[in-house]
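A.B. asks: This structure is in structure tokens; I'll ask about it shortly.
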Amino acid sequence: MSHKSLYYLALCALCTALPGVFGCEDTVKYLNEAPSELKITAEKCFVAGSAIVRLVGTATDADGDSLTFRWTASSGSFPAGAANDTVYWKAPSAPGAATITMSVTDEIDTRSLQQTITVCELLPAQVIVSRTIANAGHIYITRGDAPMRVAGGVTLTIEPGVTIVMDRTLGGIESYGRIVAAGTPSQKIFLRGNTCSSETAMWTGIYLIDATGEGIFRNCEITAGMDGVTARDGATLDIKDCQIYNHYDFGVNVLYGATATIRNCSIWDNGDGIYVDDASAEIRRCSIRYSDGDGLLFAASQDAVQASIESCVVANNYKNGFVIADRAAPAIHYCSIFANSEAGEGTYAVRLSANASPEPIRAENNYWGLGNDTEEEIAAIIYDAVDNPGAIFAYVSFIPWLVEAPAARHPMAAGATGRSWAR
């Protein structure tokens, strides 16, 4: 209601207290539209003790009424009479979760919205010479724009149940030594950016560098960064039973002489899923889905099978399921490859890009999710030398194929059809 007379306000108050009074008909109760579309935008949702956080509230009113904002918190403090749409909240010094409540009123109706901000324990060390980060259930936060570095020859151990929040754009972990992050199914380890929503927070991710760099990850959730985990320049990555999601670029990178074993992992909702370039990777029983770009990408400057992919689900990636370039020749077996290529023309389940491998790409005994799964149907979702012999010299060998999705842990249980891998 745009114009509220004193009589109307008094009538509303009377009808609220004494609904049976003459004149308190139902039409009075519903003349006013309450504030709606409430939203709180927090500068960050994980902070160190005594930090200052900027909060911006928005709301709409269908009647065009003026709105008043009021803020309260279960802990910490606001300036006296915090009644603006933009306020600054000071966190308490002690760790814990604080509930921020924003109330919006048009003088008749009030609506409220809550936002949780977690006060974390500060993890100040930027160079790790030897450390165990312990205390299950505790949430730690880094500070500063430089990444946390693990020196060569030493070990950073992250115990089950620990959460580490990377607070800055350039924050992350660079390891020339050893990282052991072994969570359990009931006490996962969380390594994440400082974001309030599902958006990426753009911390750099975890980098294992040089032959001394080693990472062992079990039952971890790694989320909201530029990249998830990168092993490069001879480093070793062993990751199992982890979820890697919501990264701007790649979920996992294995680059330039690195070696990776990736098992039982969900790699979802990243820019691209897994990238292997001049490196070795064994990928087993993983789910690579919902990438904004491609599911898996492989490149190599020399003749070799750099990667094997077995019993994986590669599905719902916006562009290609697999992109295989240069002289890369991964082996792909007992996988379910379906519902990729939503981007349309020029995208495929398997796409070879200027591939010069002297051997066929071995992709036998996979399920392609096409219904009848005829040879012609499968060939239509593969781009290789048949389609562009001037630029691509390798073929994808997909015969025999599976007529149903393979069981996750017993891939040989599903039947196969076809008689020869030659295309």
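Naming scheme: A, B, ... for chains in displayed order of the structure tokens; residues 1 onward per chain; ligands 1 onward as shown.
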As a VMD selection string, please: all residues of region 228-298 of chain A that backbone DSSP puts in strand (DSSP E).
C.D. replies: chain A and resid 229 to 232 236 to 240 243 to 245 250 to 255 259 to 263 266 to 268 272 to 277 280 to 284 287 to 289 296 to 298
A.B. asks: So which residues touch Glu310 (chain A) within 9 Å, counting only C-alpha atoms, skipping near sequence neighbours fewer than 3 positions away, as number ranges by chain?
C.D. replies: A: 282-286, 331-335, 411
A.B. asks: Of the candidates A:Glu214, A:Asp61, A:Glu221, A:Asp241, which one gets nearest to Val154 (chain A) if we count only C-alpha atoms?
C.D. replies: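 Closest candidate: A:Glu214.
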A.B. asks: Considering only C-alpha atoms, give me a table of residues in region 70-176 of chain A that are at most 8 Å from region 50-59 of chain A, with the closest atom pair and distance in Å for each, as CSV.
C.D. replies:
residue,atom,partner,partner_atom,distance
A:Asp85,CA,A:Gly57,CA,4.9
A:Thr86,CA,A:Val56,CA,4.4
A:Val87,CA,A:Leu55,CA,5.4
A:Tyr88,CA,A:Arg54,CA,4.6
A:Trp89,CA,A:Val53,CA,5.2
A:Lys90,CA,A:Ile52,CA,4.6
A:Ala91,CA,A:Ser50,CA,4.6
A:Pro92,CA,A:Ser50,CA,5.2
A:Ser93,CA,A:Ser50,CA,4.9
A:Met102,CA,A:Gly57,CA,7.4
A:Val104,CA,A:Ala59,CA,7.6
A.B. asks: Calculate how many Å separate CA of Phe190 (chain A) from CA of Thr101 (chain A), rounding to one decimal.
C.D. replies: 26.5 Å
